[in-house]
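Novice: Please see the structure below; I have some questions.
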Amino acid sequence: MSWANLKIRRKTPEQIEKMAASGKILADVFLEVRRLVEPGVTTGAIDQRLEEMIRDAGCVPSFKGYHGFPASACISTNEEVVHGIPGDRVLEEGDIVGIDIGLIHDGWHADSAETMAVGEVDPETARLLRVTDEALWQGIGEIGVGKRLSVIGTAIEALAREQDFAVVETLVGHGIGQKMHEDPQVPNYRCYSMPDPVMDEGLVIAIEPMINVGTKRVVTLEDGWTVVTADRKLSAHFEHTVAVTAEGPRVLTDRPRRTP
């Protein structure tokens, strides 16, 4: 499948710099959000504060109102994989919380996520977070001009399987730019049913592995948004916006890593 068939929008170096500016703002938001995640806080309070930070920086939350989503971030706890709606849920010691945030600055989107421990978590939960974070970076490390897109998902899946975890297959990463979701789709596993284009300079993608303790199967709750594991076991989610350059991958939402 060719780039033209996929309608992939390659970015110029100048456009990538604009996306990097968006990504830097988003990275700074995450550093503050990490300080908010503690026992006793509600997911709604976290969402309110991060929206204030986004707007104070002269940006717009990408998610709020997107297909009717009611909040500025997707905040998903424990068995919730993605798309959790912030509200009255109180975080408790030992929980994990996945926070997925997008913003628009000067017309360009940035998208990132990380799953955080609430206080102290048990060793297996900590291992899930470390492996999912590492799987994201394994996928990023495979990026290179002239390589097939599938090398990303292949690397992510290999690490997850090696650690006896399961990769969610029904939800994938995506291209990103002046629209939040662009071509191509970026599976987190070796998928033979999707186009597998060659990566070229100017491709910008959001890579976002979702890795489960138990089954890879997921279901959507009655709210129409929240995706949970079918067996209600834990799930973790990490994401970065990454540009393909001649020098290798450039992580536009990069920040210091923090996992238990």
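All residue names refer to the structure tokens as shown: chains lettered A, B, ... in order, residues numbered from 1 in each chain, ligands numbered from 1 in order.
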Which neighbours of A:Asp183 fall inside 7 Å, counting only C-alpha atoms, when residues of the same chain fewer than 4 positions from it are skipped, and could you give them as a list in words?
Specialist: Leu6, Lys7, Ile8, His174 and Gly175 of chain A
Novice: What would the file look like if the residues just selected were written as a PDB file, in the first residue's frame with C-alpha atoms?
Specialist:
```pdb
ATOM      1  CA  LEU A   6      -3.102   6.016   2.838  1.00  0.00           C
ATOM      2  CA  LYS A   7      -3.299   9.820   2.618  1.00  0.00           C
ATOM      3  CA  ILE A   8      -0.305  10.187   4.897  1.00  0.00           C
ATOM      4  CA  HIS A 174      -2.146   6.683  14.682  1.00  0.00           C
ATOM      5  CA  GLY A 175      -0.715   9.417  12.560  1.00  0.00           C
TER       6      GLY A 175
END
```
Novice: For the structure I just gave you, how does DSSP split stretch 208-254 of chain A - specifically, which residues are strand (DSSP E or B)? Reply as number ranges by chain.
Specialist: A: 210-212, 218-220, 227-229, 235-237, 239-245, 248-251
Novice: Looking at A:Ala71, A:Ala243, A:Met116, A:Met53, which one is nearest to A:Ile143, with distances taken over only C-alpha atoms?
Specialist: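 The answer is A:Ala243, which sits nearest to A:Ile143.
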Novice: Write out as a PDB file with N, CA and C atoms, in the first residue's frame the residues lying within 6 Å of A:Glu79, counting only C-alpha atoms and excluding same-chain residues fewer than 5 positions away.
Specialist:
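So the final result, stored in around_24.pdb, reads:
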```pdb
ATOM      1  N   VAL A 228     -12.572  -1.537  29.037  1.00  0.00           N
ATOM      2  CA  VAL A 228     -12.010  -2.300  30.154  1.00  0.00           C
ATOM      3  C   VAL A 228     -11.559  -3.667  29.667  1.00  0.00           C
ATOM      4  N   THR A 229     -10.683  -4.289  30.426  1.00  0.00           N
ATOM      5  CA  THR A 229     -10.270  -5.652  30.102  1.00  0.00           C
ATOM      6  C   THR A 229     -11.453  -6.592  30.313  1.00  0.00           C
ATOM      7  N   ARG A 232     -11.304  -8.143  33.613  1.00  0.00           N
ATOM      8  CA  ARG A 232     -11.195  -7.139  34.679  1.00  0.00           C
ATOM      9  C   ARG A 232      -9.850  -7.187  35.408  1.00  0.00           C
ATOM     10  N   LYS A 233      -8.829  -7.678  34.745  1.00  0.00           N
ATOM     11  CA  LYS A 233      -7.474  -7.590  35.295  1.00  0.00           C
ATOM     12  C   LYS A 233      -6.828  -6.292  34.836  1.00  0.00           C
ATOM     13  N   LEU A 234      -5.695  -5.941  35.415  1.00  0.00           N
ATOM     14  CA  LEU A 234      -5.080  -4.639  35.199  1.00  0.00           C
ATOM     15  C   LEU A 234      -4.591  -4.432  33.770  1.00  0.00           C
ATOM     16  N   SER A 235      -4.562  -3.152  33.381  1.00  0.00           N
ATOM     17  CA  SER A 235      -4.042  -2.756  32.079  1.00  0.00           C
ATOM     18  C   SER A 235      -3.232  -1.478  32.237  1.00  0.00           C
TER      19      SER A 235
END
```
Novice: Based on DSSP run over this structure's backbone, return all residues of stretch 75-244 of chain A in helix (DSSP H, G or I), as number ranges by chain.
Specialist: A: 123-141, 150-162
Novice: Give me, please, the distance in Å between atom CA of A:Ala27 and atom CA of A:Pro256, quoted to one decimal.
Specialist: 9.1 Å
Novice: One number please: atom CA of A:Val37 to atom CA of A:Cys74, in Å, one decimal.
Specialist: 14.2 Å
Novice: Measuring between only C-alpha atoms, which one of A:Ile85, A:Cys191, A:Ile207, A:Leu36 shows the shortest distance to A:Gly139?
Specialist: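 Nearest to A:Gly139: A:Ile207.
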Novice: Show me, as a list of chain:residue names, the residues that have an atom within 12 Å of A:Gln138 when counting only C-alpha atoms, minus same-chain residues fewer than 2 positions from it.
Specialist: A:Val131, A:Thr132, A:Asp133, A:Glu134, A:Ala135, A:Leu136, A:Ile140, A:Gly141, A:Glu142, A:Ile143, A:Val151, A:Ile152, A:Gly153, A:Thr154, A:Ala155, A:Ile156, A:Glu157, A:Ala158, A:Leu159, A:Ala160, A:Asn188, A:Ile207, A:Glu208, A:Pro209, A:Pro249
Novice: Would you kindly return, as a PyMOL selection string, each protein, DNA or RNA residue with an atom no farther than 8 Å from any atom of A:Ala73, considering only C-alpha atoms and excluding same-chain residues fewer than 6 positions away?
Specialist: chain A and resi 47+61+63-64+85-86+99-102
Novice: Dump N, CA and C atoms for the selected residues as a compact mmCIF listing (two decimals), in the first residue's frame?
Specialist:
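File out-v9.txt, as written:
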```
# COMPACT_ATOMS: atom_id res chain seq x y z
N ASP A 47 -8.54 16.22 36.04
CA ASP A 47 -8.92 16.71 34.72
C ASP A 47 -9.11 18.22 34.72
N PRO A 61 -7.57 21.84 24.66
CA PRO A 61 -7.58 20.39 24.85
C PRO A 61 -8.10 19.69 23.60
N PHE A 63 -9.12 16.61 23.27
CA PHE A 63 -10.14 15.58 23.48
C PHE A 63 -11.52 16.17 23.81
N LYS A 64 -11.54 17.34 24.44
CA LYS A 64 -12.82 17.85 24.93
C LYS A 64 -13.77 18.14 23.78
N ILE A 85 -13.75 8.24 31.64
CA ILE A 85 -14.29 9.59 31.79
C ILE A 85 -14.01 10.07 33.22
N PRO A 86 -13.29 11.18 33.38
CA PRO A 86 -13.01 11.69 34.73
C PRO A 86 -14.30 12.08 35.44
N ILE A 99 -3.38 8.20 32.29
CA ILE A 99 -3.83 9.54 31.92
C ILE A 99 -3.36 9.82 30.50
N ASP A 100 -4.31 10.06 29.62
CA ASP A 100 -4.07 10.29 28.19
C ASP A 100 -4.53 11.71 27.88
N ILE A 101 -3.60 12.54 27.41
CA ILE A 101 -3.89 13.95 27.19
C ILE A 101 -3.46 14.36 25.78
N GLY A 102 -4.30 15.15 25.14
CA GLY A 102 -3.94 15.77 23.87
C GLY A 102 -4.19 17.26 23.93
```
Novice: Pick the closest to A:Val121 from A:Tyr66, A:Asp254, A:Pro39, A:Glu52: which is it, counting only C-alpha atoms?
Specialist: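 Ranking A:Tyr66, A:Asp254, A:Pro39, A:Glu52 by distance to A:Val121, first place goes to A:Pro39.
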Novice: Name the closest residue to A:Asn212 among the candidates A:Asp231, A:Glu17, A:Asp196, A:Asp111; distances are taken between atoms, counting only C-alpha atoms.
Specialist: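 Looking at the shortest contact to A:Asn212, the residue is A:Asp231.
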Novice: List the spatial neighbours of A:Ile176 as a list in words - criterion: any atom at most 9 Å away, only C-alpha atoms, same-chain residues fewer than 3 positions off excluded.
Specialist: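 Here the answer would be Arg9, Trp108, His109, Ala110, Asp111, Lys179, Met180, His181, Glu182, Asp183, Pro184, Leu203, Val204, Ile205, Ala206 and Thr241 of chain A.
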Novice: How would the residues just chosen look if you wrote them out with C-alpha atoms as a PDB file, in the first residue's frame?
Specialist:
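Writing done, so here's result.pdb:
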```pdb
ATOM      1  CA  ARG A   9       0.506  13.851   5.523  1.00  0.00           C
ATOM      2  CA  TRP A 108      -0.807  21.363  15.746  1.00  0.00           C
ATOM      3  CA  HIS A 109      -1.699  18.414  17.963  1.00  0.00           C
ATOM      4  CA  ALA A 110       0.399  16.574  20.520  1.00  0.00           C
ATOM      5  CA  ASP A 111      -0.799  13.356  22.169  1.00  0.00           C
ATOM      6  CA  LYS A 179      -5.725  16.469  12.933  1.00  0.00           C
ATOM      7  CA  MET A 180      -5.511  14.322  16.018  1.00  0.00           C
ATOM      8  CA  HIS A 181      -6.045  11.112  14.080  1.00  0.00           C
ATOM      9  CA  GLU A 182      -4.431  10.757  10.669  1.00  0.00           C
ATOM     10  CA  ASP A 183      -3.137   7.876   8.563  1.00  0.00           C
ATOM     11  CA  PRO A 184      -1.475   5.497   9.151  1.00  0.00           C
ATOM     12  CA  LEU A 203       5.998  10.894   9.188  1.00  0.00           C
ATOM     13  CA  VAL A 204       4.674  11.775  12.649  1.00  0.00           C
ATOM     14  CA  ILE A 205       2.875   9.112  14.650  1.00  0.00           C
ATOM     15  CA  ALA A 206       1.459   8.494  18.108  1.00  0.00           C
ATOM     16  CA  THR A 241       4.162  11.526  19.681  1.00  0.00           C
TER      17      THR A 241
END
```
Novice: List the neighbours of A:Asp122 out to 12 Å using only C-alpha atoms; skip same-chain residues closer than 6 positions along the sequence, and give me the result as a list in words.
Specialist: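 Residues meeting the cut-off are Glu93, Gly94, Asp95, Ile96, Leu128, Leu129 and Pro260 of chain A.
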Novice: When distances are computed from only C-alpha atoms, which of A:Leu50, A:Val81, A:Ala126, A:Ala230 shows the smallest separation from A:Ile25?
Specialist: A:Leu50
